[in-house]
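K.L.:
This is the content of data12.cif (mmCIF, C-alpha atoms):
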```cif
data_final
#
loop_
_atom_site.group_PDB
_atom_site.id
_atom_site.type_symbol
_atom_site.label_atom_id
_atom_site.label_comp_id
_atom_site.auth_asym_id
_atom_site.auth_seq_id
_atom_site.Cartn_x
_atom_site.Cartn_y
_atom_site.Cartn_z
ATOM 1 C CA MET A 484 12.574 13.802 -0.369
ATOM 2 C CA PRO A 485 12.551 11.207 2.441
ATOM 3 C CA VAL A 486 9.700 9.122 0.897
ATOM 4 C CA GLN A 487 9.487 8.440 -2.832
ATOM 5 C CA ALA A 488 7.417 6.203 -5.109
ATOM 6 C CA THR A 489 9.110 5.012 -8.316
ATOM 7 C CA TRP A 490 8.913 2.074 -10.693
ATOM 8 C CA ASP A 491 11.305 -0.674 -9.646
ATOM 9 C CA ASN A 492 11.340 -2.488 -12.979
ATOM 10 C CA PRO A 493 10.979 -1.548 -16.653
ATOM 11 C CA GLU A 494 7.881 -3.769 -17.006
ATOM 12 C CA LYS A 495 6.068 -1.470 -14.551
ATOM 13 C CA THR A 496 4.841 -4.318 -12.368
ATOM 14 C CA ILE A 497 6.678 -3.339 -9.150
ATOM 15 C CA ILE A 498 6.665 0.022 -7.395
ATOM 16 C CA LEU A 499 9.375 0.886 -4.879
ATOM 17 C CA LEU A 500 8.192 3.051 -1.989
ATOM 18 C CA ASN A 501 11.531 4.158 -0.556
ATOM 19 C CA PHE A 502 11.940 5.696 2.925
ATOM 20 C CA GLU A 503 15.186 7.568 3.708
ATOM 21 C CA GLY A 504 16.293 9.124 6.984
ATOM 22 C CA ASN A 505 13.668 10.769 9.156
ATOM 23 C CA TRP A 506 10.301 10.855 7.414
ATOM 24 C CA THR A 507 6.850 12.241 8.189
ATOM 25 C CA TRP A 508 3.320 11.000 7.638
ATOM 26 C CA GLU A 509 2.675 13.959 5.321
ATOM 27 C CA GLU A 510 5.549 12.795 3.087
ATOM 28 C CA THR A 511 4.186 9.260 3.245
ATOM 29 C CA TYR A 512 0.690 10.344 2.160
ATOM 30 C CA GLN A 513 2.225 12.256 -0.749
ATOM 31 C CA ALA A 514 4.209 9.168 -1.812
ATOM 32 C CA VAL A 515 1.071 6.999 -1.536
ATOM 33 C CA ALA A 516 -0.739 9.436 -3.855
ATOM 34 C CA GLU A 517 2.221 9.227 -6.278
ATOM 35 C CA ARG A 518 2.111 5.411 -6.021
ATOM 36 C CA ASN A 519 -1.577 5.436 -6.958
ATOM 37 C CA GLN A 520 -0.878 7.757 -9.917
ATOM 38 C CA LEU A 521 1.777 5.339 -11.175
ATOM 39 C CA ILE A 522 -0.688 2.456 -10.916
ATOM 40 C CA ASN A 523 -3.372 4.463 -12.725
ATOM 41 C CA ALA A 524 -0.942 4.954 -15.624
ATOM 42 C CA VAL A 525 -0.854 1.188 -16.336
ATOM 43 C CA GLU A 526 -3.548 -1.466 -16.716
ATOM 44 C CA ASN A 527 -1.813 -4.406 -15.021
ATOM 45 C CA LYS A 528 -1.720 -5.519 -11.391
ATOM 46 C CA VAL A 529 1.184 -4.140 -9.367
ATOM 47 C CA ASP A 530 3.316 -5.333 -6.454
ATOM 48 C CA ILE A 531 4.776 -2.909 -3.914
ATOM 49 C CA ILE A 532 8.156 -2.962 -2.194
ATOM 50 C CA VAL A 533 8.196 -0.704 0.866
ATOM 51 C CA ASN A 534 11.861 -0.114 1.701
ATOM 52 C CA PHE A 535 12.612 1.066 5.235
ATOM 53 C CA GLY A 536 16.274 0.006 4.923
ATOM 54 C CA GLY A 537 17.532 3.602 4.799
ATOM 55 C CA ALA A 538 14.947 5.046 7.167
ATOM 56 C CA GLY A 539 15.610 6.247 10.648
ATOM 57 C CA PHE A 540 14.629 4.134 13.624
ATOM 58 C CA LYS A 541 11.937 6.527 14.857
ATOM 59 C CA VAL A 542 8.356 6.082 13.655
ATOM 60 C CA PRO A 543 6.364 9.348 13.633
ATOM 61 C CA PRO A 544 3.514 9.643 16.178
ATOM 62 C CA ASN A 545 0.080 8.062 15.695
ATOM 63 C CA ALA A 546 1.331 5.098 13.664
ATOM 64 C CA LEU A 547 -1.833 3.013 14.134
ATOM 65 C CA THR A 548 -4.137 5.734 12.837
ATOM 66 C CA HIS A 549 -1.941 6.684 9.897
ATOM 67 C CA THR A 550 -1.269 3.082 8.893
ATOM 68 C CA ARG A 551 -5.008 2.396 8.874
ATOM 69 C CA ASN A 552 -5.557 5.483 6.687
ATOM 70 C CA ILE A 553 -2.816 4.416 4.282
ATOM 71 C CA ILE A 554 -4.160 0.861 4.020
ATOM 72 C CA SER A 555 -7.617 2.303 3.321
ATOM 73 C CA GLN A 556 -6.107 4.283 0.399
ATOM 74 C CA SER A 557 -4.705 1.121 -1.124
ATOM 75 C CA HIS A 558 -5.247 0.776 -4.857
ATOM 76 C CA ASN A 559 -7.410 -2.158 -5.933
ATOM 77 C CA ARG A 560 -4.727 -3.413 -8.354
ATOM 78 C CA ILE A 561 -2.054 -3.869 -5.678
ATOM 79 C CA VAL A 562 -1.509 -7.577 -5.119
ATOM 80 C CA ARG A 563 1.545 -8.106 -2.888
ATOM 81 C CA ASN A 564 3.336 -5.782 -0.465
ATOM 82 C CA VAL A 565 6.882 -6.623 0.582
ATOM 83 C CA VAL A 566 8.271 -4.622 3.489
ATOM 84 C CA VAL A 567 12.073 -4.363 3.689
ATOM 85 C CA GLY A 568 14.261 -3.411 6.621
ATOM 86 C CA PHE A 569 11.898 -3.405 9.573
ATOM 87 C CA LYS A 570 13.751 -3.179 12.871
ATOM 88 C CA PRO A 571 12.502 -5.368 15.781
ATOM 89 C CA MET A 572 10.420 -2.481 17.166
ATOM 90 C CA HIS A 573 8.755 -2.019 13.768
ATOM 91 C CA ILE A 574 7.959 -5.742 13.520
ATOM 92 C CA ALA A 575 6.267 -5.599 16.931
ATOM 93 C CA LEU A 576 4.262 -2.547 15.821
ATOM 94 C CA TRP A 577 3.314 -4.307 12.559
ATOM 95 C CA LYS A 578 1.972 -7.309 14.511
ATOM 96 C CA VAL A 579 -0.230 -4.968 16.548
ATOM 97 C CA ILE A 580 -1.464 -3.279 13.362
ATOM 98 C CA GLU A 581 -2.268 -6.672 11.819
ATOM 99 C CA LYS A 582 -4.356 -7.613 14.879
ATOM 100 C CA VAL A 583 -6.129 -4.274 15.233
ATOM 101 C CA TYR A 584 -6.917 -3.897 11.540
ATOM 102 C CA GLU A 585 -7.107 -7.550 10.503
ATOM 103 C CA SER A 586 -10.144 -6.951 8.311
ATOM 104 C CA MET A 587 -8.343 -4.283 6.265
ATOM 105 C CA GLY A 588 -6.111 -5.144 3.355
ATOM 106 C CA LYS A 589 -7.195 -8.785 3.213
ATOM 107 C CA SER A 590 -7.246 -8.765 -0.584
ATOM 108 C CA GLN A 591 -3.487 -8.183 -0.562
ATOM 109 C CA GLN A 592 -0.549 -10.235 0.630
ATOM 110 C CA TYR A 593 2.085 -8.821 3.023
ATOM 111 C CA PHE A 594 5.643 -10.117 3.481
ATOM 112 C CA LEU A 595 8.525 -8.927 5.679
ATOM 113 C CA VAL A 596 12.078 -9.420 4.350
ATOM 114 C CA GLY A 597 15.569 -8.191 5.194
ATOM 115 C CA SER A 598 16.816 -6.657 1.924
ATOM 116 C CA LEU A 599 15.777 -5.281 -1.453
ATOM 117 C CA ASP A 600 17.380 -8.301 -3.130
ATOM 118 C CA GLU A 601 15.241 -10.617 -0.956
ATOM 119 C CA ALA A 602 12.129 -8.611 -1.844
ATOM 120 C CA ARG A 603 12.767 -8.849 -5.576
ATOM 121 C CA ALA A 604 13.604 -12.565 -5.346
ATOM 122 C CA MET A 605 10.466 -13.213 -3.302
ATOM 123 C CA LEU A 606 8.247 -11.443 -5.828
ATOM 124 C CA ALA A 607 9.863 -13.446 -8.632
ATOM 125 C CA SER A 608 9.392 -16.795 -6.885
ATOM 126 C CA VAL A 609 6.244 -16.643 -4.704
ATOM 127 C CA PRO A 610 3.052 -16.998 -6.713
ATOM 128 C CA GLU A 611 0.286 -14.488 -6.318
ATOM 129 C CA ARG A 612 -2.483 -15.718 -4.009
ATOM 130 C CA ARG A 613 -5.724 -16.300 -5.851
ATOM 131 C CA SER A 614 -8.855 -14.456 -4.702
ATOM 132 C CA GLU A 615 -11.489 -16.709 -3.209
#
```
Please express what this file holds, its structure, as structure tokens.

P.N.:
Amino acid sequence: MPVQATWDNPEKTIILLNFEGNWTWEETYQAVAERNQLINAVENKVDIIVNFGGAGFKVPPNALTHTRNIISQSHNRIVRNVVVGFKPMHIALWKVIEKVYESMGKSQQYFLVGSLDEARAMLASVPERRSE
């Protein structure tokens, strides 16, 4: 399956949302539902690594709408989201999404990094932002 949600560590504090090859929004919604089921199975807060490193370059149509829908389905125990492997086009799209939907997802932190190793190191070293 091109999009999968799995635990990234045995402590069940990090979920890896892994994108491979060409993916669809339908597959993404299914993986988001799986992510939320994993979170519901534990009582602790969870960080998310979204890995686009193995994904194709093409983003499926209607990215703004679908990204807004996915952010609105975010679980209330997600704290930090680390996005891996964005290409320059994806970074530009992400900046537009941040501006258009700046009020959404404010309770969570978002980071862009280049590799899975960087994502794991960042989660280990950057403290969680406190709610105000």

K.L.:
Please list as a list of chain:residue names every residue within 10 Å of Leu500 in chain A, counting all atoms listed in the file and excluding residues in the same chain fewer than 6 positions away.

P.N.:
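So, after excluding close chain neighbours, the residues are A:Val486, A:Gln487, A:Ala488, A:Thr489, A:Trp490, A:Asp491, A:Thr511, A:Ala514, A:Val515, A:Glu517, A:Arg518, A:Ile531, A:Ile532, A:Val533, A:Asn534, A:Phe535, A:Val566.
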
K.L.:
In Å, rounded to a single decimal, give me how far CA of Ser557 in chain A is from CA of Thr496 in chain A.

P.N.:
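Value for the CA of Thr496 in chain A-CA of Ser557 in chain A distance: 15.7 Å.
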
K.L.:
Go ahead and compute the interatomic distance for CA of Asn545 in chain A and CA of Glu503 in chain A, in Å to one decimal.

P.N.:
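Straight-line distance from CA of Asn545 in chain A to CA of Glu503 in chain A works out to 19.3 Å.
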
K.L.:
Taking all atoms listed in the file into account, name the residue in A:Gly536, A:Pro543, A:Pro493, A:Gly597 that is nearest to Asn505 in chain A.

P.N.:
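Ranking A:Gly536, A:Pro543, A:Pro493, A:Gly597 by distance to Asn505 in chain A, first place goes to A:Pro543.
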
K.L.:
Apply the PyMOL selection byres ((chain A and resi 592) around 7) to the structure shown and report the selected residues as a short mmCIF file (atom, residue, chain, number, x, y, z; two decimals) with C-alpha atoms, keeping the file's coordinate frame.

P.N.:
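Done, and the output landed in selection.cif:
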```
data_model
loop_
_atom_site.label_atom_id
_atom_site.label_comp_id
_atom_site.auth_asym_id
_atom_site.auth_seq_id
_atom_site.Cartn_x
_atom_site.Cartn_y
_atom_site.Cartn_z
CA VAL A 562 -1.51 -7.58 -5.12
CA ARG A 563 1.54 -8.11 -2.89
CA ASN A 564 3.34 -5.78 -0.46
CA SER A 590 -7.25 -8.76 -0.58
CA GLN A 591 -3.49 -8.18 -0.56
CA TYR A 593 2.08 -8.82 3.02
CA PHE A 594 5.64 -10.12 3.48
#
```

K.L.:
Which residues fall under the PyMOL selection byres ((chain A and resi 508) around 10) in this file, as JSON, numbers by chain?

P.N.:
{"A": [486, 506, 507, 509, 510, 511, 512, 513, 514, 542, 543, 544, 545, 546, 549, 550, 553]}

K.L.:
Please indicate the distance in Å from CA of Val525 in chain A to CA of Leu606 in chain A, rounded to one decimal place.

P.N.:
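Value for the CA of Val525 in chain A-CA of Leu606 in chain A distance: 18.8 Å.
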
K.L.:
Output, as JSON, the centre and edge lengths in Å (one decimal) of the axis-aligned box that contains all listed atoms of range 559-563 of chain A with 8 Å of margin on each side.

P.N.:
```
{"center_x": -2.9, "center_y": -5.1, "center_z": -5.6, "size_x": 25.0, "size_y": 21.9, "size_z": 21.5}
```

K.L.:
Please determine, counting only C-alpha atoms, which residue among A:Ile498, A:Ala602, A:Ala538, A:Val609 has the shortest atom-to-atom distance to Pro485 in chain A.

P.N.:
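That would be A:Ala538, the residue with the smallest distance to Pro485 in chain A.
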